[in-house]
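Before any comments, here is the structure.
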Amino acid sequence: MSQDICVVIEHLQGHVQEISYVMAAAARSLCESVGGKCIGILLGRGAQDLANDLDVDSVIYLDEPALAEYNPDAYQLVLAAIISEWHPRLALLGQTSIGTDLAGMLSMRLGLPLISHCQRLVAEGDGIKFISQICGGRILAEGRLPSSTALVNMVPGGYKADAGRSTRSPEIMPFAPPPLVDLHISLKRYIQPPKEDVDISLERILVAVGRGIQRKDNLPLAEELAEALGGAVCASRPVVDQGWLQPTRLVGKSGMKVAPDVYIALGISGAPEHVEGMSDSHLIIAINTDPAAPIFSAARYGVEADILDLLPVLTEQAKKIREVA
Amino acid sequence: MKIMVAVKLVPDLVENLEIAPGGTGLDRTYLRLILSEPDEHALEQALLLKDESTDITVVAPGFEEADDVLFTAAAKGADRLVKLTDGFQEGCNCHALARALRGITSEIQPDLILTGVQAHDDLDGSLGPLLAGLLNLPYVGNVAGLSITEGKATARKEYSGGLIGEMEIGLPAVIGIVAAEAPPRYVAVSKVRQMVKSATLEPYPVGDLDPGGGIELDRMYKPESVERATMIEGTAEEIAVRLIEVLKELDVL
């Protein structure tokens with residue numbers, strides 16, 4: 001086994017996903033301590049330039065038509081071959097739509113241990129410690145990775161993506177793929193998010209609603225505040241899943257990443273999947289009945305209150321100010 | 001068509017979570033387990049796919065709370081209820097649960113296995129892809145939207161930024177659901193009580209659990225937030241005035 005840290009590079013439609021840079025940053029800081037190399041694994045078609053700004057020492061690159069876009073079946077076959085041959089110390093994958101598909105399958109197929117929701121990896125003596133964030137951000141779990149090859153699903157937040165960028169292009173190492181025949185999965189098409197609705201990523205003020213809004217009938221309370229402030233309404237997963245707002249308004253892991261001047265989180269607990277999409281906001285105000293809600297760690301100002309009580313009063317005050325101005 | 005929905009039970013985050021005296025796990029004394037939310041969507045997606053010739057089996061690990069979860073599933077329309085038994089009271093990681101599902105899966109031979117895409121307490125990967133890896137079946141996760149025609153599933157896989165990849169998957173397969181096409185249906189408590197009397201809950205012994213592939217913890221703890229919001233207190237009116245002041249100071253109004 002080598003001490004190399006492998007990063008499985010995620011890309012979609014020709015764009016490297018931000019988690020890849022986060023993982024490169026994690027790999028770089030570990031390699032400095034454990035002494036291995038940072039190796040990117042890039043699967044694609046005519047895609048070798050994608051890794052040019054990634055801070056890794058070299059890139060194992062496979063060029064195949066079947067790998068042009070993400071395909072769980074083809075990807076896991078190829079990754080199994082690479083990991084079995086390379087025996088890295090760690091293979092990092094994103095805690096993402098792509099990385100969680102792959103890590104679980106590979107763990108069982110290759111008999112490798114897997115740690116998920118990992119936020120930090122720290123070299124300690126001759127071992128590596130992981131810190132994972134679970135239970136909606138309420139609990140941290142810590143342990144030591146085994147000395148054999150292990151798989152890790154990384155969440156964003158523990159490392160800055162910019163620390164994983166570099167201007168010196170890594171060395172490309174071609175790898176002969178295993179036969180990719182009889183695949184059980186094929187990508188039919190991509191469906192782009194609809195454009196006709198408000199683009200919440202362009203709004204300066206966002207009023208975000210979560211489970212605390214309780215019923216669809218209560219949504220106008222948030223809409224009135226957004227209107228009074230000159231912003232737009234967005235939401236966390238449960239509200240969109242209920243069909244109360246369109247998916248275009250979803251903030252978080254599967255939805256939009258936003259960074260407005262002001263983000264007012266109403267009745268949102270602050271699960272990591274949501275915080276990932278809004279933590280870059282300039283000012284975050286959180287209102288929640290639960291004083292232990294993780295959202296209060298992401299916010300600059302907090303109010304422990306029921307949003308249904310506070311919203312009408314807040315909207316009234318906002319209107320007053322606007323009238324004066 | 002035979003659909004198997006494999007679910008997880010997780011701590012209810014509405015309750016205060018405490019760390020067990022050993023410091024490496026949650027204190028299970030007062031822990032209340034509920035159906036993992038994405039699993040509720042997986043069950044709903046199964047019910048949405050159901051027609052006269054569909055048979056839905058829901059399989060849950062044998063915690064005390066499993067009975068209620070399974071009878072509720074029956075009240076919603078599940079046909080068969082299976083409770084994996086023995087050894088679950090101390091908790092169970094996803095690798096162990098995947099292995100515990102192997103027996104019942106080979107017995108049922110489902111065309112489609114649905115799971116929630118993840119559970120909030122997953123530390124060793126999520127159940128769906130582990131099960132797929134174990135059974136050597138194809139897997140697609142983070143799916144919101146699923147249809148079945150002629151031995152194939154068409155799944156809408158969600159990526160960040162609202163992008164969707166539509167994938168065709170040969171059955172049998174495992175699919176990880178992030179959201180059903182309709183919100184999980186409501187079912188009256190009286191209907192669940194009726195199921196407790198009329199529905200059969202099949203215990204399914206799985207022998208010793210094998211957690212290999214998960215990693216033992218040294219420590220579990222609540223994050224000490226280094227940065228915490230400045231809390232604003234007072235009457236609703238005082239709070240509203242202060243919040244508007246904050247926004248004015250920022251010059252966004």
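Just so we're on the same page: first chain in the structure tokens is A, next is B, and so on; residues restart at 1 for each chain, and ligands are numbered from 1 in the order they show up.
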
**Report entry** Shell of 7 Å around Leu140 in chain A, only C-alpha atoms, local chain residues under 4 positions omitted, as a count of residues only
**Finding:** 8

Using only C-alpha atoms, find each residue in chain A having at least one atom no more than 6 Å away from chain B; report its shortest atom-to-atom pair and that distance in Å (one decimal), rows by chain then rising number, as a Markdown table.
| residue | atom | partner | partner_atom | distance |
| --- | --- | --- | --- | --- |
| A:Ser97 | CA | B:Asn142 | CA | 5.7 |
| A:Asp101 | CA | B:Pro129 | CA | 5.6 |
| A:Gly104 | CA | B:Leu130 | CA | 4.5 |
| A:Met105 | CA | B:Gly133 | CA | 4.0 |
| A:Met108 | CA | B:Gly133 | CA | 5.1 |
| A:Arg109 | CA | B:Gly133 | CA | 5.4 |
| A:Pro113 | CA | B:Gly213 | CA | 4.0 |
| A:Leu114 | CA | B:Asp124 | CA | 5.2 |
| A:Ile115 | CA | B:Asp124 | CA | 4.7 |
| A:Ser116 | CA | B:Leu123 | CA | 5.0 |
| A:Ile134 | CA | B:Asp121 | CA | 5.3 |
| A:Cys135 | CA | B:His120 | CA | 4.8 |
| A:Gly136 | CA | B:His120 | CA | 6.0 |
| A:Ile139 | CA | B:Lys222 | CA | 4.7 |
| A:Leu140 | CA | B:Tyr221 | CA | 5.3 |
| A:Ala141 | CA | B:Met220 | CA | 4.5 |
| A:Glu142 | CA | B:Arg219 | CA | 5.1 |
| A:Gly143 | CA | B:Leu217 | CA | 4.4 |
| A:His184 | CA | B:Gly170 | CA | 5.1 |
| A:Ile185 | CA | B:Ile169 | CA | 4.5 |
| A:Ser186 | CA | B:Glu168 | CA | 5.3 |
| A:Leu187 | CA | B:Met167 | CA | 4.4 |
| A:Lys188 | CA | B:Met167 | CA | 5.4 |
| A:Arg189 | CA | B:Glu166 | CA | 5.4 |
| A:Tyr190 | CA | B:Gly165 | CA | 4.5 |
| A:Ile191 | CA | B:Ile164 | CA | 5.0 |
| A:Gln192 | CA | B:Leu163 | CA | 5.2 |
| A:Pro193 | CA | B:Gly162 | CA | 5.2 |
| A:Gln242 | CA | B:Pro183 | CA | 5.0 |
| A:Lys253 | CA | B:Ser160 | CA | 5.7 |
| A:Ser254 | CA | B:Ser160 | CA | 4.2 |
| A:Gly255 | CA | B:Gly161 | CA | 4.9 |
| A:Met256 | CA | B:Gly161 | CA | 4.6 |
| A:Phe296 | CA | B:Ala229 | CA | 5.3 |
| A:Ser297 | CA | B:Arg228 | CA | 4.5 |
| A:Ala299 | CA | B:Ala229 | CA | 5.1 |
| A:Arg300 | CA | B:Ala229 | CA | 4.4 |
| A:Tyr301 | CA | B:Ala229 | CA | 4.6 |
| A:Gly302 | CA | B:Met231 | CA | 4.6 |
| A:Val303 | CA | B:Ile232 | CA | 5.3 |
| A:Leu310 | CA | B:Ala236 | CA | 5.7 |
| A:Leu314 | CA | B:Ala240 | CA | 4.7 |

Once you have the residues from the selection above, write them out as a PDB file, in the first residue's frame, restricted to C-alpha atoms.
ATOM      1  CA  SER A  97     -24.961  12.832  -5.466  1.00  0.00           C
ATOM      2  CA  ASP A 101     -23.311   6.369  -4.965  1.00  0.00           C
ATOM      3  CA  GLY A 104     -20.959   2.571  -0.776  1.00  0.00           C
ATOM      4  CA  MET A 105     -20.729   0.276  -3.784  1.00  0.00           C
ATOM      5  CA  MET A 108     -18.808  -3.558  -0.281  1.00  0.00           C
ATOM      6  CA  ARG A 109     -17.251  -4.717  -3.547  1.00  0.00           C
ATOM      7  CA  PRO A 113     -13.859   0.545   5.267  1.00  0.00           C
ATOM      8  CA  LEU A 114     -15.851   3.709   4.619  1.00  0.00           C
ATOM      9  CA  ILE A 115     -16.333   6.873   6.633  1.00  0.00           C
ATOM     10  CA  SER A 116     -19.059   9.276   5.583  1.00  0.00           C
ATOM     11  CA  ILE A 134     -23.892  13.709  11.807  1.00  0.00           C
ATOM     12  CA  CYS A 135     -27.473  14.076  13.084  1.00  0.00           C
ATOM     13  CA  GLY A 136     -28.128  17.260  11.144  1.00  0.00           C
ATOM     14  CA  ILE A 139     -23.187  15.570  16.758  1.00  0.00           C
ATOM     15  CA  LEU A 140     -19.500  15.164  15.902  1.00  0.00           C
ATOM     16  CA  ALA A 141     -17.901  11.713  15.663  1.00  0.00           C
ATOM     17  CA  GLU A 142     -14.171  11.149  15.836  1.00  0.00           C
ATOM     18  CA  GLY A 143     -12.030   8.106  15.224  1.00  0.00           C
ATOM     19  CA  HIS A 184     -26.865  -1.558 -16.603  1.00  0.00           C
ATOM     20  CA  ILE A 185     -27.214   2.212 -16.477  1.00  0.00           C
ATOM     21  CA  SER A 186     -27.278   4.834 -19.220  1.00  0.00           C
ATOM     22  CA  LEU A 187     -27.684   8.597 -19.087  1.00  0.00           C
ATOM     23  CA  LYS A 188     -30.600   9.612 -21.326  1.00  0.00           C
ATOM     24  CA  ARG A 189     -30.416  13.387 -20.995  1.00  0.00           C
ATOM     25  CA  TYR A 190     -29.807  16.290 -18.685  1.00  0.00           C
ATOM     26  CA  ILE A 191     -32.684  18.481 -17.586  1.00  0.00           C
ATOM     27  CA  GLN A 192     -31.601  22.038 -16.797  1.00  0.00           C
ATOM     28  CA  PRO A 193     -33.293  23.920 -13.962  1.00  0.00           C
ATOM     29  CA  GLN A 242     -44.166  19.368   0.235  1.00  0.00           C
ATOM     30  CA  LYS A 253     -26.884  20.543  -1.483  1.00  0.00           C
ATOM     31  CA  SER A 254     -29.278  19.572  -4.291  1.00  0.00           C
ATOM     32  CA  GLY A 255     -30.548  23.078  -4.830  1.00  0.00           C
ATOM     33  CA  MET A 256     -28.933  26.459  -5.322  1.00  0.00           C
ATOM     34  CA  PHE A 296     -27.500  29.591  15.299  1.00  0.00           C
ATOM     35  CA  SER A 297     -23.877  28.597  14.721  1.00  0.00           C
ATOM     36  CA  ALA A 299     -25.909  32.989  11.846  1.00  0.00           C
ATOM     37  CA  ARG A 300     -24.554  36.339  13.039  1.00  0.00           C
ATOM     38  CA  TYR A 301     -27.840  37.311  14.703  1.00  0.00           C
ATOM     39  CA  GLY A 302     -30.343  34.929  16.227  1.00  0.00           C
ATOM     40  CA  VAL A 303     -33.801  35.112  17.696  1.00  0.00           C
ATOM     41  CA  LEU A 310     -42.658  37.368  14.770  1.00  0.00           C
ATOM     42  CA  LEU A 314     -41.290  42.251  11.434  1.00  0.00           C
TER      43      LEU A 314
END

**Report entry** Interatomic distance, CA of Val152 in chain A to CA of Glu15 in chain B (Å, one decimal)
**Finding:**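 Those two atoms sit 29.0 Å apart.
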
**Report entry** Members of range 71-253 of chain A assigned alpha helix (DSSP H) by DSSP, as a VMD selection string
**Finding:** chain A and resid 72 to 86 97 to 110 219 to 229 237 to 241

Prev. selection, C-alpha atoms, output as a PDB file, in the first residue's frame:
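Result written to selection-v4.pdb:
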ATOM      1  CA  PRO A  72     -22.626   5.042 -11.573  1.00  0.00           C
ATOM      2  CA  ASP A  73     -22.114   1.659 -13.202  1.00  0.00           C
ATOM      3  CA  ALA A  74     -19.138   2.587 -15.400  1.00  0.00           C
ATOM      4  CA  TYR A  75     -17.542   4.780 -12.730  1.00  0.00           C
ATOM      5  CA  GLN A  76     -17.612   2.153 -10.014  1.00  0.00           C
ATOM      6  CA  LEU A  77     -16.139  -0.507 -12.334  1.00  0.00           C
ATOM      7  CA  VAL A  78     -13.258   1.766 -13.266  1.00  0.00           C
ATOM      8  CA  LEU A  79     -12.636   3.057  -9.744  1.00  0.00           C
ATOM      9  CA  ALA A  80     -12.588  -0.496  -8.389  1.00  0.00           C
ATOM     10  CA  ALA A  81      -9.834  -1.326 -10.900  1.00  0.00           C
ATOM     11  CA  ILE A  82      -7.790   1.797 -10.060  1.00  0.00           C
ATOM     12  CA  ILE A  83      -8.074   1.449  -6.282  1.00  0.00           C
ATOM     13  CA  SER A  84      -7.229  -2.271  -6.403  1.00  0.00           C
ATOM     14  CA  GLU A  85      -4.122  -1.594  -8.448  1.00  0.00           C
ATOM     15  CA  TRP A  86      -2.971   1.605  -6.728  1.00  0.00           C
ATOM     16  CA  SER A  97     -24.961  12.832  -5.466  1.00  0.00           C
ATOM     17  CA  ILE A  98     -21.975  11.249  -7.243  1.00  0.00           C
ATOM     18  CA  GLY A  99     -19.617  10.395  -4.371  1.00  0.00           C
ATOM     19  CA  THR A 100     -22.151   8.650  -2.121  1.00  0.00           C
ATOM     20  CA  ASP A 101     -23.311   6.369  -4.965  1.00  0.00           C
ATOM     21  CA  LEU A 102     -19.758   5.250  -5.549  1.00  0.00           C
ATOM     22  CA  ALA A 103     -18.295   4.994  -2.045  1.00  0.00           C
ATOM     23  CA  GLY A 104     -20.959   2.571  -0.776  1.00  0.00           C
ATOM     24  CA  MET A 105     -20.729   0.276  -3.784  1.00  0.00           C
ATOM     25  CA  LEU A 106     -16.915   0.285  -3.679  1.00  0.00           C
ATOM     26  CA  SER A 107     -16.807  -0.348   0.068  1.00  0.00           C
ATOM     27  CA  MET A 108     -18.808  -3.558  -0.281  1.00  0.00           C
ATOM     28  CA  ARG A 109     -17.251  -4.717  -3.547  1.00  0.00           C
ATOM     29  CA  LEU A 110     -13.654  -4.157  -2.473  1.00  0.00           C
ATOM     30  CA  LEU A 219     -46.243  31.122   3.259  1.00  0.00           C
ATOM     31  CA  PRO A 220     -47.753  34.554   2.508  1.00  0.00           C
ATOM     32  CA  LEU A 221     -46.324  35.723   5.863  1.00  0.00           C
ATOM     33  CA  ALA A 222     -42.814  35.126   4.481  1.00  0.00           C
ATOM     34  CA  GLU A 223     -43.715  36.478   1.048  1.00  0.00           C
ATOM     35  CA  GLU A 224     -44.982  39.712   2.591  1.00  0.00           C
ATOM     36  CA  LEU A 225     -41.729  40.162   4.499  1.00  0.00           C
ATOM     37  CA  ALA A 226     -39.696  39.483   1.342  1.00  0.00           C
ATOM     38  CA  GLU A 227     -41.759  42.024  -0.536  1.00  0.00           C
ATOM     39  CA  ALA A 228     -41.410  44.621   2.217  1.00  0.00           C
ATOM     40  CA  LEU A 229     -37.622  44.128   2.210  1.00  0.00           C
ATOM     41  CA  ARG A 237     -35.762  20.850   1.486  1.00  0.00           C
ATOM     42  CA  PRO A 238     -38.912  19.947   3.497  1.00  0.00           C
ATOM     43  CA  VAL A 239     -40.828  22.957   2.153  1.00  0.00           C
ATOM     44  CA  VAL A 240     -39.982  22.168  -1.475  1.00  0.00           C
ATOM     45  CA  ASP A 241     -40.692  18.446  -0.966  1.00  0.00           C
TER      46      ASP A 241
END

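Here CA of Asn93 in chain B and CA of Val196 in chain B stand 28.2 Å from one another.
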
Requested in this report: Can you list, as a PyMOL selection string, all residues belonging to range 4-177 of chain B that DSSP tags as strand (DSSP E)?
Outcome: chain B and resi 4-6+9-11+33-35+55-61+80-85+112-116+139-149+152-158+164-170+173-177

Query - Selection: 7 Å around Gly267 in chain A, only C-alpha atoms, excl. self and same-chain fewer than 2 positions, as a list in words - result: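 Residues meeting the cut-off are Val209, Gly210, Arg211, Gly212, Ile213, Ala265, Ser269, Ile287, Asn288 and Ile307 of chain A.
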
Query raised in the report: What lies within 9 Å of Met195 in chain B using only C-alpha atoms, ignoring chain neighbours under 3 positions off, as a list in words?
Result: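 Result of the neighbour search: Phe71, Thr72, Ala74, Ala75, Ser190, Lys191, Val192, Ser198, Ala199 and Thr200 of chain B.
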
Include C-alpha atoms and write out the residues we just selected as a short mmCIF file (atom, residue, chain, number, x, y, z; two decimals), in the first residue's frame.
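Result file part-v5.cif:
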data_model
loop_
_atom_site.label_atom_id
_atom_site.label_comp_id
_atom_site.auth_asym_id
_atom_site.auth_seq_id
_atom_site.Cartn_x
_atom_site.Cartn_y
_atom_site.Cartn_z
CA PHE B 71 -47.98 -0.85 10.73
CA THR B 72 -48.06 2.75 9.52
CA ALA B 74 -49.34 -1.06 6.00
CA ALA B 75 -51.99 1.56 6.65
CA SER B 190 -57.20 4.94 13.70
CA LYS B 191 -56.19 3.25 10.46
CA VAL B 192 -52.78 2.38 11.91
CA SER B 198 -55.27 -7.09 11.20
CA ALA B 199 -51.85 -6.92 9.53
CA THR B 200 -49.13 -9.54 10.04
#

**Report entry** Shell of 10 Å around range 86-91 of chain B, only C-alpha atoms, local chain residues under 4 positions omitted, as a PyMOL selection string
**Finding:** chain B and resi 9-10+25-26+28+61-64+96-97+203-209

Residue selection dump (N, CA and C atoms) as an mmCIF file, in the first residue's frame:
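Below you can see part.cif, which holds the result:
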data_model
loop_
_atom_site.group_PDB
_atom_site.id
_atom_site.type_symbol
_atom_site.label_atom_id
_atom_site.label_comp_id
_atom_site.auth_asym_id
_atom_site.auth_seq_id
_atom_site.Cartn_x
_atom_site.Cartn_y
_atom_site.Cartn_z
ATOM 1 N N LEU B 9 -34.193 3.298 10.995
ATOM 2 C CA LEU B 9 -34.787 4.088 12.069
ATOM 3 C C LEU B 9 -33.674 4.951 12.647
ATOM 4 N N VAL B 10 -33.971 6.213 12.862
ATOM 5 C CA VAL B 10 -32.932 7.160 13.303
ATOM 6 C C VAL B 10 -33.441 7.970 14.494
ATOM 7 N N GLY B 25 -20.913 6.967 21.753
ATOM 8 C CA GLY B 25 -22.187 6.737 21.075
ATOM 9 C C GLY B 25 -23.274 7.570 21.710
ATOM 10 N N LEU B 26 -24.457 7.544 21.106
ATOM 11 C CA LEU B 26 -25.581 8.273 21.679
ATOM 12 C C LEU B 26 -26.166 7.469 22.841
ATOM 13 N N ARG B 28 -28.820 5.704 24.512
ATOM 14 C CA ARG B 28 -30.033 5.117 23.942
ATOM 15 C C ARG B 28 -31.168 5.016 24.956
ATOM 16 N N PRO B 61 -35.214 -2.729 10.480
ATOM 17 C CA PRO B 61 -34.392 -3.391 11.511
ATOM 18 C C PRO B 61 -35.180 -3.474 12.818
ATOM 19 N N GLY B 62 -34.927 -4.520 13.605
ATOM 20 C CA GLY B 62 -35.776 -4.849 14.739
ATOM 21 C C GLY B 62 -35.671 -4.013 15.989
ATOM 22 N N PHE B 63 -35.750 -2.727 15.863
ATOM 23 C CA PHE B 63 -35.872 -1.886 17.055
ATOM 24 C C PHE B 63 -37.320 -1.910 17.507
ATOM 25 N N GLU B 64 -37.524 -1.506 18.769
ATOM 26 C CA GLU B 64 -38.865 -1.488 19.339
ATOM 27 C C GLU B 64 -39.826 -0.649 18.484
ATOM 28 N N ALA B 96 -23.737 -3.466 8.488
ATOM 29 C CA ALA B 96 -24.401 -4.597 9.147
ATOM 30 C C ALA B 96 -25.840 -4.732 8.661
ATOM 31 N N LEU B 97 -26.523 -3.586 8.520
ATOM 32 C CA LEU B 97 -27.916 -3.634 8.080
ATOM 33 C C LEU B 97 -28.005 -4.168 6.649
ATOM 34 N N PRO B 203 -41.483 -11.599 11.762
ATOM 35 C CA PRO B 203 -40.110 -11.482 12.265
ATOM 36 C C PRO B 203 -39.186 -12.275 11.334
ATOM 37 N N TYR B 204 -38.017 -11.746 11.081
ATOM 38 C CA TYR B 204 -37.077 -12.440 10.198
ATOM 39 C C TYR B 204 -35.716 -12.479 10.880
ATOM 40 N N PRO B 205 -35.340 -13.626 11.459
ATOM 41 C CA PRO B 205 -34.074 -13.699 12.196
ATOM 42 C C PRO B 205 -32.883 -13.564 11.244
ATOM 43 N N VAL B 206 -31.927 -12.744 11.644
ATOM 44 C CA VAL B 206 -30.781 -12.513 10.752
ATOM 45 C C VAL B 206 -29.458 -12.987 11.351
ATOM 46 N N GLY B 207 -29.501 -13.557 12.555
ATOM 47 C CA GLY B 207 -28.260 -14.038 13.170
ATOM 48 C C GLY B 207 -27.405 -12.885 13.665
ATOM 49 N N ASP B 208 -26.110 -13.141 13.820
ATOM 50 C CA ASP B 208 -25.219 -12.099 14.325
ATOM 51 C C ASP B 208 -25.004 -11.012 13.287
ATOM 52 N N LEU B 209 -24.983 -9.766 13.765
ATOM 53 C CA LEU B 209 -24.749 -8.649 12.858
ATOM 54 C C LEU B 209 -23.258 -8.524 12.590
#
